[in-house]
2 protein chains.
Amino acid sequence: MTASAPAVDADGIRVAVSTVIFALRRREGAAGAPGWELVMPVVRRIRDPYEGRWALPGGWLRPDENLDAAAARTLGETTGLAPSYLEQLYAFGDVGRSPSRVVSIVYWALVRADEAAAAGAPENVAWFAVDGLDGLAFDHDGIVEYARWRLENKVGWSRIAHGFLPELFTLADLREVHEAIVGRRLDPANFRRQVESAGGILATDEFRTGAHRPARLYRTDGESELAERGPLRGG
Amino acid sequence: MTASAPAVDADGIRVAVSTVIFALRRREGAAGAPGWELVMPVVRRIRDPYEGRWALPGGWLRPDENLDAAAARTLGETTGLAPSYLEQLYAFGDVGRSPSRVVSIVYWALVRADEAAAAGAPENVAWFAVDGLDGLAFDHDGIVEYARWRLENKVGWSRIAHGFLPELFTLADLREVHEAIVGRRLDPANFRRQVESAGGILATDEFRTGAHRPARLYRTDGESELAERGPLRGG
DNA sequence: GCAAAAGTGTTAGGGCTACACCCATGC
DNA sequence: GCATGGGTGTAGCCCTAACACTTTTGC
């Protein structure tokens, strides 16, 4: 957070915007399991409160920008990332969650694996596996837990998993993303049929060649939105 | 909104809390359909902007109260109601949604039919059917539409419908609540089995006598929460 | 040929839907 | 008895899980 805090008004309430950012990373070391794991970037706080602790990337809401824009801006400023998917998570505003009164509009975002790698490692930014994550500043542990729950739920009835994938992908790619999110292996045959009948993907004429039988490449069907959220279009 | 606006800070951002309140009312006039319809209270604005227009009940967030408490307080002050269920809906903060910069943390609430009737009709409060509602102040039309969508979705996988019912109710009561929310008739036989297998209700030894065969009375199983929302407990 | 992943087929089970049917009460 | 809502039974359909099986490639 390089921006300075806004002047505090008579009521002492300030509005911040933070983001829980999910990405996928090849599971390191590890046994034969060739899977992926969920990781997220956190930034080290350089001032009180919680100086030295890891916290969600974020910053103060500016008077001339929408909430969505503030989330995209602050996560870009702190981590160098541009999200492939961004959605509001929840507004946290308990009196005791910070020494001063701060209402945090929290977003959650997905970034593609290649983007996460390209962003490098800015100063004071570190990536951690989401599962064992603990000890964040403020109430951010609980916020991450809630975002994780929302991601796992939403992957079951929307197409947000595509937010982790490049333009062209195989059904095995898509399945591995789902497996990483729900935390268990999925039957390739059944997964194929479910995805095909649900729609939202388009088969191309290209194949990915490799060690075995070539796999057909698919692309996301741009016609429909990435994730349904009812009559909401942002605000 | 009897409270005066807080002083505007250097950034000019103020935090408000509003609530979309749902209740059920016997369908008036109408044909033989003995059903219920969703209604909600709105308050007439007594100052600019949108003076004279109907708006969601709400008020300014106080520096010493949590968001949930602010929602409960402001809807009580403006409408005299105490909700049987209250959940955060979304934070709206677009730059242009109000002449001055206001971030609104919007909640949605359920009140029981008897409570709604007991609250009477405070000054400048009116109840309208949700379905034809239009012409509210600010961006409140869209907010109501989103809350309506959330209610209809959530009734399918949680037990929030109980928020409309008194302590003791028949399965027909519960079914009529669902019918009013989803907007179509439900098969009594299948509804009974689904509710019973889903759990969450306890059969009592009492029956409601009436014009026909007495119907068994049930009560909500207090063991589990009214609505699952993951690892979130309020904030 | 062999291993392994891509992709297809098949079957059993569960839940949902539609609807037939019986039960209990007021009139 | 009759009408009506309460409550039970049942058969078809669809979706899912499990897993056998065929196809296609690199080595």
# chains A, B, ... in the order shown; residues from 1 in each chain; ligands from 1
$ closest_atom_pairs --of "chain C" --to "chain A" --cutoff "12 Å" --atoms "only C-alpha atoms (C1' of nucleotides)" --output "CSV"
residue,atom,partner,partner_atom,distance
C:DA3,C1',A:His212,CA,9.2
C:DA4,C1',A:His212,CA,6.5
C:DA5,C1',A:His212,CA,5.8
C:DA6,C1',A:Arg213,CA,6.0
C:DG7,C1',A:Ala189,CA,7.6
C:DT8,C1',A:Ala189,CA,8.5
C:DG9,C1',A:Ala189,CA,10.4
$ interface_residues --of "chain D" --to "chain B" --cutoff "7 Å" --atoms "only C-alpha atoms (C1' of nucleotides)" --output "list in words"
DT4, DG5 and DG6 of chain D
$ write_last_selection --atoms "C-alpha atoms (C1' of nucleotides)" --output "short mmCIF file (atom, residue, chain, number, x, y, z; two decimals), in the first residue's frame"
data_model
loop_
_atom_site.label_atom_id
_atom_site.label_comp_id
_atom_site.auth_asym_id
_atom_site.auth_seq_id
_atom_site.Cartn_x
_atom_site.Cartn_y
_atom_site.Cartn_z
"C1'" DT D 4 -61.42 -31.13 0.25
"C1'" DG D 5 -57.03 -31.00 1.86
"C1'" DG D 6 -53.64 -34.31 4.38
#
$ interface_residues --of "chain B" --to "chain A" --cutoff "9 Å" --atoms "only C-alpha atoms" --output "PyMOL selection string"
chain B and resi 6-15+61-68+88-97+101+103+105+142-143+145-146+149-150+229-232+234-235
$ atom_distance --atom1 "CA of Ala180 in chain A" --atom2 "CA of Ala109 in chain A"
16.1 Å
$ residues_around --residues "range 11-18 of chain D" --least-positions-apart "6" --cutoff "9 Å" --atoms "only C-alpha atoms (C1' of nucleotides)" --output "list of chain:residue names"
A:Asp187, A:Asn190, C:DG13, C:DG14, C:DG15, C:DC16, C:DT17
$ write_last_selection --atoms "C-alpha atoms (C1' of nucleotides)" --output "compact mmCIF listing (two decimals), in the first residue's frame"
# COMPACT_ATOMS: atom_id res chain seq x y z
CA ASP A 187 -13.54 -39.36 -13.36
CA ASN A 190 -17.94 -38.43 -16.54
C1' DG C 13 -28.65 -46.36 -8.24
C1' DG C 14 -30.75 -42.09 -6.51
C1' DG C 15 -33.47 -38.13 -6.87
C1' DC C 16 -37.16 -35.69 -9.09
C1' DT C 17 -41.81 -35.42 -11.36
$ decode --residues "range 3-27 of chain C" --atoms "N, CA and C atoms (P, O5', C5', C4', C3', O3' and C1' of nucleotides)" --output "compact mmCIF listing (two decimals), in the first residue's frame"
# COMPACT_ATOMS: atom_id res chain seq x y z
P DA C 3 3.11 -52.81 -20.51
O5' DA C 3 3.03 -51.25 -20.22
C5' DA C 3 4.21 -50.47 -20.30
C4' DA C 3 3.86 -49.00 -20.36
C3' DA C 3 2.73 -48.59 -19.42
O3' DA C 3 3.08 -47.38 -18.78
C1' DA C 3 2.18 -47.98 -21.62
P DA C 4 2.21 -46.84 -17.54
O5' DA C 4 1.40 -45.63 -18.17
C5' DA C 4 2.11 -44.65 -18.90
C4' DA C 4 1.14 -43.80 -19.67
C3' DA C 4 -0.12 -43.43 -18.88
O3' DA C 4 -0.36 -42.05 -18.99
C1' DA C 4 -0.70 -44.30 -20.98
P DA C 5 -1.24 -41.28 -17.87
O5' DA C 5 -2.13 -40.27 -18.72
C5' DA C 5 -1.52 -39.47 -19.71
C4' DA C 5 -2.38 -39.41 -20.93
C3' DA C 5 -3.80 -38.87 -20.66
O3' DA C 5 -4.08 -37.81 -21.55
C1' DA C 5 -3.86 -40.86 -21.93
P DA C 6 -5.50 -37.07 -21.58
O5' DA C 6 -6.20 -37.69 -22.86
C5' DA C 6 -5.65 -37.41 -24.15
C4' DA C 6 -6.58 -37.92 -25.24
C3' DA C 6 -8.01 -37.37 -25.15
O3' DA C 6 -8.45 -37.05 -26.45
C1' DA C 6 -8.03 -39.75 -25.03
P DG C 7 -9.77 -36.15 -26.68
O5' DG C 7 -10.93 -37.24 -26.63
C5' DG C 7 -11.05 -38.16 -27.71
C4' DG C 7 -11.92 -39.31 -27.33
C3' DG C 7 -13.35 -38.99 -26.90
O3' DG C 7 -14.24 -39.32 -27.96
C1' DG C 7 -12.40 -40.82 -25.72
P DT C 8 -15.81 -39.31 -27.79
O5' DT C 8 -16.13 -40.84 -27.43
C5' DT C 8 -15.84 -41.85 -28.37
C4' DT C 8 -16.50 -43.16 -27.98
C3' DT C 8 -18.00 -43.07 -27.70
O3' DT C 8 -18.65 -44.15 -28.35
C1' DT C 8 -16.90 -44.06 -25.86
P DG C 9 -20.24 -44.30 -28.24
O5' DG C 9 -20.38 -45.46 -27.16
C5' DG C 9 -19.50 -46.59 -27.23
C4' DG C 9 -19.94 -47.67 -26.25
C3' DG C 9 -21.43 -47.73 -25.94
O3' DG C 9 -21.83 -49.10 -25.91
C1' DG C 9 -20.25 -47.37 -23.92
P DT C 10 -23.33 -49.52 -25.67
O5' DT C 10 -23.36 -49.94 -24.13
C5' DT C 10 -22.25 -50.63 -23.59
C4' DT C 10 -22.52 -50.96 -22.13
C3' DT C 10 -24.00 -51.01 -21.75
O3' DT C 10 -24.22 -52.12 -20.91
C1' DT C 10 -22.86 -49.53 -20.33
P DT C 11 -25.70 -52.67 -20.66
O5' DT C 11 -25.76 -52.70 -19.07
C5' DT C 11 -24.58 -53.02 -18.34
C4' DT C 11 -24.67 -52.45 -16.95
C3' DT C 11 -26.10 -52.43 -16.37
O3' DT C 11 -26.09 -53.01 -15.08
C1' DT C 11 -25.08 -50.33 -16.11
P DA C 12 -27.43 -53.46 -14.39
O5' DA C 12 -27.30 -52.85 -12.93
C5' DA C 12 -26.02 -52.79 -12.31
C4' DA C 12 -26.02 -51.73 -11.23
C3' DA C 12 -27.33 -51.64 -10.44
O3' DA C 12 -27.03 -51.46 -9.06
C1' DA C 12 -26.87 -49.55 -11.43
P DG C 13 -28.17 -51.52 -7.97
O5' DG C 13 -28.29 -50.01 -7.49
C5' DG C 13 -27.12 -49.31 -7.08
C4' DG C 13 -27.44 -47.85 -6.93
C3' DG C 13 -28.74 -47.56 -6.19
O3' DG C 13 -28.47 -46.70 -5.09
C1' DG C 13 -28.65 -46.36 -8.24
P DG C 14 -29.61 -46.34 -4.04
O5' DG C 14 -29.81 -44.78 -4.30
C5' DG C 14 -28.67 -43.96 -4.52
C4' DG C 14 -29.11 -42.56 -4.91
C3' DG C 14 -30.35 -42.08 -4.18
O3' DG C 14 -30.21 -40.72 -3.85
C1' DG C 14 -30.75 -42.09 -6.51
P DG C 15 -31.26 -40.06 -2.82
O5' DG C 15 -31.88 -38.89 -3.70
C5' DG C 15 -31.00 -38.03 -4.41
C4' DG C 15 -31.76 -37.32 -5.51
C3' DG C 15 -33.07 -36.69 -5.05
O3' DG C 15 -33.19 -35.39 -5.60
C1' DG C 15 -33.47 -38.13 -6.87
P DC C 16 -34.32 -34.39 -5.00
O5' DC C 16 -35.22 -34.10 -6.28
C5' DC C 16 -34.58 -33.86 -7.54
C4' DC C 16 -35.58 -34.04 -8.66
C3' DC C 16 -36.95 -33.44 -8.36
O3' DC C 16 -37.32 -32.57 -9.41
C1' DC C 16 -37.16 -35.69 -9.09
P DT C 17 -38.72 -31.77 -9.33
O5' DT C 17 -39.71 -32.64 -10.22
C5' DT C 17 -39.33 -33.00 -11.54
C4' DT C 17 -40.47 -33.71 -12.23
C3' DT C 17 -41.85 -33.13 -11.94
O3' DT C 17 -42.59 -33.10 -13.15
C1' DT C 17 -41.81 -35.42 -11.36
P DA C 18 -43.92 -32.19 -13.30
O5' DA C 18 -45.07 -33.24 -13.65
C5' DA C 18 -44.82 -34.28 -14.56
C4' DA C 18 -45.67 -35.48 -14.24
C3' DA C 18 -47.14 -35.15 -13.91
O3' DA C 18 -47.96 -35.82 -14.84
C1' DA C 18 -46.22 -36.66 -12.33
P DC C 19 -49.49 -35.43 -14.99
O5' DC C 19 -50.18 -36.56 -14.11
C5' DC C 19 -49.73 -37.91 -14.25
C4' DC C 19 -50.20 -38.73 -13.09
C3' DC C 19 -51.60 -38.40 -12.56
O3' DC C 19 -52.31 -39.60 -12.41
C1' DC C 19 -50.11 -38.67 -10.83
P DA C 20 -53.88 -39.67 -12.63
O5' DA C 20 -54.22 -41.09 -12.00
C5' DA C 20 -53.31 -42.17 -12.21
C4' DA C 20 -53.23 -43.05 -10.97
C3' DA C 20 -54.57 -43.28 -10.27
O3' DA C 20 -54.70 -44.65 -9.95
C1' DA C 20 -52.98 -42.45 -8.73
P DC C 21 -56.10 -45.26 -9.47
O5' DC C 21 -56.03 -45.20 -7.88
C5' DC C 21 -54.96 -45.85 -7.21
C4' DC C 21 -54.87 -45.36 -5.79
C3' DC C 21 -56.20 -45.32 -5.03
O3' DC C 21 -56.28 -46.46 -4.18
C1' DC C 21 -54.72 -43.50 -4.49
P DC C 22 -57.62 -46.71 -3.37
O5' DC C 22 -57.27 -46.23 -1.90
C5' DC C 22 -56.21 -46.85 -1.18
C4' DC C 22 -55.82 -46.02 0.03
C3' DC C 22 -56.92 -45.91 1.10
O3' DC C 22 -56.31 -46.11 2.38
C1' DC C 22 -56.16 -43.77 0.49
P DC C 23 -57.24 -46.08 3.69
O5' DC C 23 -57.04 -44.59 4.23
C5' DC C 23 -55.75 -44.22 4.70
C4' DC C 23 -55.85 -42.94 5.50
C3' DC C 23 -56.97 -42.90 6.54
O3' DC C 23 -56.44 -42.29 7.71
C1' DC C 23 -57.22 -41.09 5.04
P DA C 24 -57.26 -42.40 9.11
O5' DA C 24 -57.93 -40.96 9.22
C5' DA C 24 -57.07 -39.85 9.38
C4' DA C 24 -57.87 -38.57 9.33
C3' DA C 24 -59.10 -38.54 10.23
O3' DA C 24 -59.12 -37.29 10.89
C1' DA C 24 -59.70 -37.95 8.04
P DT C 25 -59.72 -37.16 12.33
O5' DT C 25 -60.77 -35.99 12.14
C5' DT C 25 -60.29 -34.70 11.75
C4' DT C 25 -61.23 -34.05 10.77
C3' DT C 25 -62.64 -33.79 11.24
O3' DT C 25 -62.70 -32.54 11.89
C1' DT C 25 -62.45 -34.23 8.89
P DG C 26 -64.03 -31.96 12.52
O5' DG C 26 -64.71 -31.21 11.28
C5' DG C 26 -64.02 -30.12 10.67
C4' DG C 26 -64.91 -29.42 9.67
C3' DG C 26 -66.26 -28.99 10.22
O3' DG C 26 -66.65 -27.77 9.58
C1' DG C 26 -66.59 -30.61 8.50
P DC C 27 -67.96 -26.99 10.05
O5' DC C 27 -69.06 -27.46 9.02
C5' DC C 27 -68.87 -27.17 7.63
C4' DC C 27 -69.85 -27.96 6.79
C3' DC C 27 -71.31 -27.84 7.24
O3' DC C 27 -72.06 -27.16 6.26
C1' DC C 27 -70.72 -30.09 6.67
